[in-house]
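Chemist: Next up is a structure, given as structure tokens.
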Amino acid sequence: MLRFRLRRLRYVVLPVLLGSPSSVDAQIQPRDTIGLRAAVPFLTSAFERNVNTFTWEFGGFWSMNRGGWSLQASERFQRTLIKTDRENIKDEQTLSAGAEKAISEQVSLAGSFSSYVFSDNRALALHELTSNKLLGGIVWKPFPEFRLMPMAGFSIDNQQGVLDEGFMYSGSFFLRDVRFADTRISGEGFLTAEHISPRLQREYRVHSDFSSEFSSLARNRGAVSVRRIGRDFYLPIEAGVSTVNRPIESRDEITYALSDRLEYEVTGQVSLLAGLEASQRSIEKRLRHTSSGQGPYSSGTDIDEFRLTGNTAVRYLGRGGTNGDLRLEVHERTESHALQRLDGVTDIDYLRQVRLEEQKNNTITQTQLSFFLSHPASSVDTIVMTGSSVKSVYNTPSASNYDDRDELFLVGGARWIHRFSPMFTASIAADINLRHTVYIFSERSANNTWNRVLSLSPTTDFRLGSRFRSRNGAQIIANYTVYDFENAAQSQRSFSLRQILFSDSTSFRIGGETTVDITLQIRMYEQGEIRWSAFTIRPLTFHNEEGITASVSQHLGIATVMVGLRYLTLSRYAFRELEKVRESETSSYGPICRASIHLPGGTGLLVDGWYQVTGVRGGERRTTPNLSIHMVWNL
């Protein structure tokens, strides 16, 4: 892999009024604010190769604030090339520019331009898009906490080879930290519409936050929001369908949401918290042709989703370092699908689609009880305990859907940390994770399972000043997945995975600016079939992984140089008559190196390379040189 980058460390995205989106699904969603802010200009350029995938990326950002003018512009282009039996090319380009000219303390003139281009020759759904938008308007700031931006302009949209254009308008407002009595309120709103006949793109949303302090002991925070999005987009033309009757899918989505959170300090150490969140989302999808006189050619779908979450907690913060909380949360989600009968749809097609939509209806209810406790048992000992229980119920009202199930999750853990001295610390952690899945109907009850995961992890950390540090650890894991109805004849068998892991990471200085780092890891795991009733295991495969990395680094003023060696081997064994027989051994090794230069002002260069030799015992070996060059340049 060869990669070259010229990039600003803190990439700032230009939030202009109609800045182009970064995904195909959002290709008709404009940005909602011009948001002109000062930022450091930068350029970026990148190339990366990963097997048969090549990626190029170019971009940059520029801004200026002078003489009452605020100007910003950003550009991003990315090409992805996948070489197989044919060349698949995907291009995506985003260009945004914005300007604002102050004509008084309260009023400014503003304008923005955005362009978005997307193409993908793999011909997947929306594979060709071009969108250009030009707007102008004013920014009105009657007082510092309020900002209003009405704008109007023109939109040119080319989708799936069909060019549409027309008038568009947008508006937004911001309200920040306005106080009414003891309540502080913030809010924002946005609306836009693009009349690009025969399509109409529209969106509006309003969001408000409020917070109150009833006293020094009680606080309340809440939010209310409404959002509606309407989108029309062309579908691929079916064989034999005239381009005049180009099918369009219309999607209209509206969401209402509210939340509230109350905090009450009972004492200086105990607090009560309670919260509530609710949302209702409705989606209406319709298919139609574009020519006049043509009615819908398919049924429409209505989707409703309701979510409700309530939680309460007791939090304890002790003066002696003991802290913990106990939390209860209940969550419910209901999803329903309905089919609208439209003209031109046959009874057979309609009834078939109705049954398919009804199978998607479902209700999920989850109840969770959890706790956390951290306690300093002594001046050198700390004990941490956690636990959680989750009950999940999934119901489907359709008589032809047998996916109804109950699930129970039990999670627990304990950790003991002991500080032998300021230089040496040791800890040991034990965890248990249980999951029981029960399908209600007999048609799927053969999939009822218990999953049990047990782990034990001791670790040590030794430091000797700033010159030496060694961290060591081990982990033992036993993972058992057992079917409730064990049957020797069934194709699905209960299985087990048992693993042990050892790791060591040591770093020490052998000179003023010379450091040696050594990392070692050994992992062994066994897969097998288990008969839980007798707790007997028949091993199937065994794997042994060993890896080591050793390097020496030298710091030379503004530069740092590192060289080293990396080695990894994987051995795979099978069991024959309970005898372990090696089937294969794969090794990978090679030198590694890294060099970096850091200059004042944030400019820097990083070169990272490694030469890898990979092969299987008794087979051919493959060599792969890799190089990565990363340069940061602040203008």
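Going through the structure tokens in order, the chains are called A, B, and so on, while each chain numbers its residues from 1 and the ligands are numbered from 1 in the order shown.
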Any idea what's packed within 6 Å of region 104-121 of chain A, counting only C-alpha atoms, ignoring anything in its chain fewer than 5 positions away? Could you give it as a PyMOL selection string?

Modeler: chain A and resi 18-20+89-99+127-142

Chemist: Please produce a file of those selected residues containing C-alpha atoms, as an mmCIF file, in the first residue's frame.

Modeler:
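Full text of selection_0.cif as output:
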data_model
loop_
_atom_site.group_PDB
_atom_site.id
_atom_site.type_symbol
_atom_site.label_atom_id
_atom_site.label_comp_id
_atom_site.auth_asym_id
_atom_site.auth_seq_id
_atom_site.Cartn_x
_atom_site.Cartn_y
_atom_site.Cartn_z
ATOM 1 C CA LEU A 18 -26.998 24.336 1.056
ATOM 2 C CA GLY A 19 -23.745 22.488 1.460
ATOM 3 C CA SER A 20 -23.792 19.235 -0.470
ATOM 4 C CA ILE A 89 -15.317 3.478 -10.715
ATOM 5 C CA LYS A 90 -17.171 5.592 -8.178
ATOM 6 C CA ASP A 91 -16.721 9.386 -8.115
ATOM 7 C CA GLU A 92 -18.021 11.770 -5.478
ATOM 8 C CA GLN A 93 -17.404 15.528 -5.447
ATOM 9 C CA THR A 94 -18.621 18.223 -3.081
ATOM 10 C CA LEU A 95 -18.068 21.963 -3.574
ATOM 11 C CA SER A 96 -19.434 24.582 -1.179
ATOM 12 C CA ALA A 97 -18.955 28.342 -1.055
ATOM 13 C CA GLY A 98 -20.516 31.030 1.103
ATOM 14 C CA ALA A 99 -20.274 34.800 1.479
ATOM 15 C CA HIS A 127 -25.947 5.635 -9.679
ATOM 16 C CA GLU A 128 -25.905 9.054 -11.332
ATOM 17 C CA LEU A 129 -26.602 12.311 -9.489
ATOM 18 C CA THR A 130 -25.782 15.983 -10.001
ATOM 19 C CA SER A 131 -27.118 18.783 -7.828
ATOM 20 C CA ASN A 132 -26.330 22.533 -8.035
ATOM 21 C CA LYS A 133 -27.925 25.154 -5.812
ATOM 22 C CA LEU A 134 -27.469 28.940 -5.731
ATOM 23 C CA LEU A 135 -29.112 31.077 -3.042
ATOM 24 C CA GLY A 136 -29.074 34.635 -1.795
ATOM 25 C CA GLY A 137 -30.730 36.405 1.099
ATOM 26 C CA ILE A 138 -30.194 38.324 4.300
ATOM 27 C CA VAL A 139 -29.098 37.612 7.849
ATOM 28 C CA TRP A 140 -31.009 39.553 10.485
ATOM 29 C CA LYS A 141 -29.708 39.753 14.066
ATOM 30 C CA PRO A 142 -31.958 42.130 16.022
#

Chemist: Among region 176-388 of chain A, which residues does DSSP mark as alpha helix (DSSP H) when it is run on the backbone? Keep the chain and numbering as in the structure and answer as number ranges by chain.

Modeler: A: 347-358

Chemist: Please produce a file of those selected residues containing C-alpha atoms, as an mmCIF file, in the first residue's frame.

Modeler:
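Written file, selection.cif:
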data_model
loop_
_atom_site.group_PDB
_atom_site.id
_atom_site.type_symbol
_atom_site.label_atom_id
_atom_site.label_comp_id
_atom_site.auth_asym_id
_atom_site.auth_seq_id
_atom_site.Cartn_x
_atom_site.Cartn_y
_atom_site.Cartn_z
ATOM 1 C CA ASP A 347 -56.656 -8.468 -5.810
ATOM 2 C CA ILE A 348 -54.048 -11.238 -5.885
ATOM 3 C CA ASP A 349 -51.103 -8.827 -5.839
ATOM 4 C CA TYR A 350 -52.733 -6.713 -3.145
ATOM 5 C CA LEU A 351 -53.466 -9.612 -0.764
ATOM 6 C CA ARG A 352 -49.988 -11.058 -1.251
ATOM 7 C CA GLN A 353 -48.396 -7.716 -0.388
ATOM 8 C CA VAL A 354 -50.706 -7.250 2.615
ATOM 9 C CA ARG A 355 -49.501 -10.539 4.130
ATOM 10 C CA LEU A 356 -45.872 -9.558 3.597
ATOM 11 C CA GLU A 357 -46.367 -6.184 5.264
ATOM 12 C CA GLU A 358 -48.266 -7.664 8.227
#

Chemist: Go through region 277-366 of chain A and collect every residue that DSSP, computed from the backbone, puts in strand (DSSP E or B); the answer should be as number ranges by chain.

Modeler: A: 277-289, 300-317, 323-340, 362-366

Chemist: Export, as a tab-separated table (two decimals), in the first residue's frame, the selected residues with C-alpha atoms.

Modeler:
chain	number	residue	atom	x	y	z
A	277	GLU	CA	-38.18	10.02	26.13
A	278	ALA	CA	-40.93	9.53	23.56
A	279	SER	CA	-41.04	9.74	19.77
A	280	GLN	CA	-43.56	9.05	17.03
A	281	ARG	CA	-42.40	8.56	13.43
A	282	SER	CA	-44.67	8.09	10.43
A	283	ILE	CA	-43.48	7.26	6.92
A	284	GLU	CA	-45.61	7.31	3.79
A	285	LYS	CA	-44.19	5.83	0.57
A	286	ARG	CA	-45.87	6.04	-2.83
A	287	LEU	CA	-44.85	5.12	-6.38
A	288	ARG	CA	-46.09	7.04	-9.40
A	289	HIS	CA	-45.31	7.80	-13.05
A	300	GLY	CA	-48.37	2.55	-1.17
A	301	THR	CA	-46.96	1.73	2.26
A	302	ASP	CA	-47.53	3.50	5.58
A	303	ILE	CA	-45.09	2.82	8.43
A	304	ASP	CA	-45.61	3.97	12.01
A	305	GLU	CA	-43.04	3.63	14.78
A	306	PHE	CA	-43.53	4.63	18.42
A	307	ARG	CA	-40.75	4.64	21.00
A	308	LEU	CA	-41.06	5.22	24.74
A	309	THR	CA	-38.23	5.06	27.26
A	310	GLY	CA	-38.37	5.74	30.97
A	311	ASN	CA	-35.50	5.48	33.44
A	312	THR	CA	-34.76	6.25	37.04
A	313	ALA	CA	-31.55	6.01	39.05
A	314	VAL	CA	-30.10	6.55	42.50
A	315	ARG	CA	-26.52	7.84	42.54
A	316	TYR	CA	-24.18	7.82	45.52
A	317	LEU	CA	-20.94	9.80	45.79
A	323	ASN	CA	-19.42	5.75	44.61
A	324	GLY	CA	-22.11	3.81	42.80
A	325	ASP	CA	-25.51	3.90	41.21
A	326	LEU	CA	-28.60	1.74	40.84
A	327	ARG	CA	-30.58	2.18	37.60
A	328	LEU	CA	-33.90	0.94	36.22
A	329	GLU	CA	-34.86	1.49	32.58
A	330	VAL	CA	-37.89	0.40	30.55
A	331	HIS	CA	-37.98	0.72	26.77
A	332	GLU	CA	-40.78	-0.09	24.34
A	333	ARG	CA	-40.92	0.16	20.55
A	334	THR	CA	-43.94	-0.59	18.36
A	335	GLU	CA	-43.68	-0.80	14.58
A	336	SER	CA	-46.63	-1.25	12.23
A	337	HIS	CA	-46.85	-1.52	8.43
A	338	ALA	CA	-50.02	-0.90	6.44
A	339	LEU	CA	-50.70	-1.17	2.73
A	340	GLN	CA	-52.87	1.37	0.91
A	362	ASN	CA	-43.71	-6.08	15.85
A	363	THR	CA	-43.43	-4.86	19.42
A	364	ILE	CA	-40.28	-4.96	21.53
A	365	THR	CA	-40.23	-4.38	25.29
A	366	GLN	CA	-37.01	-4.25	27.29

Chemist: Can you tell me how far CA of Glu545 (chain A) sits from CA of Arg523 (chain A), in Å to one decimal?

Modeler: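 Interatomic distance here is 5.0 Å.
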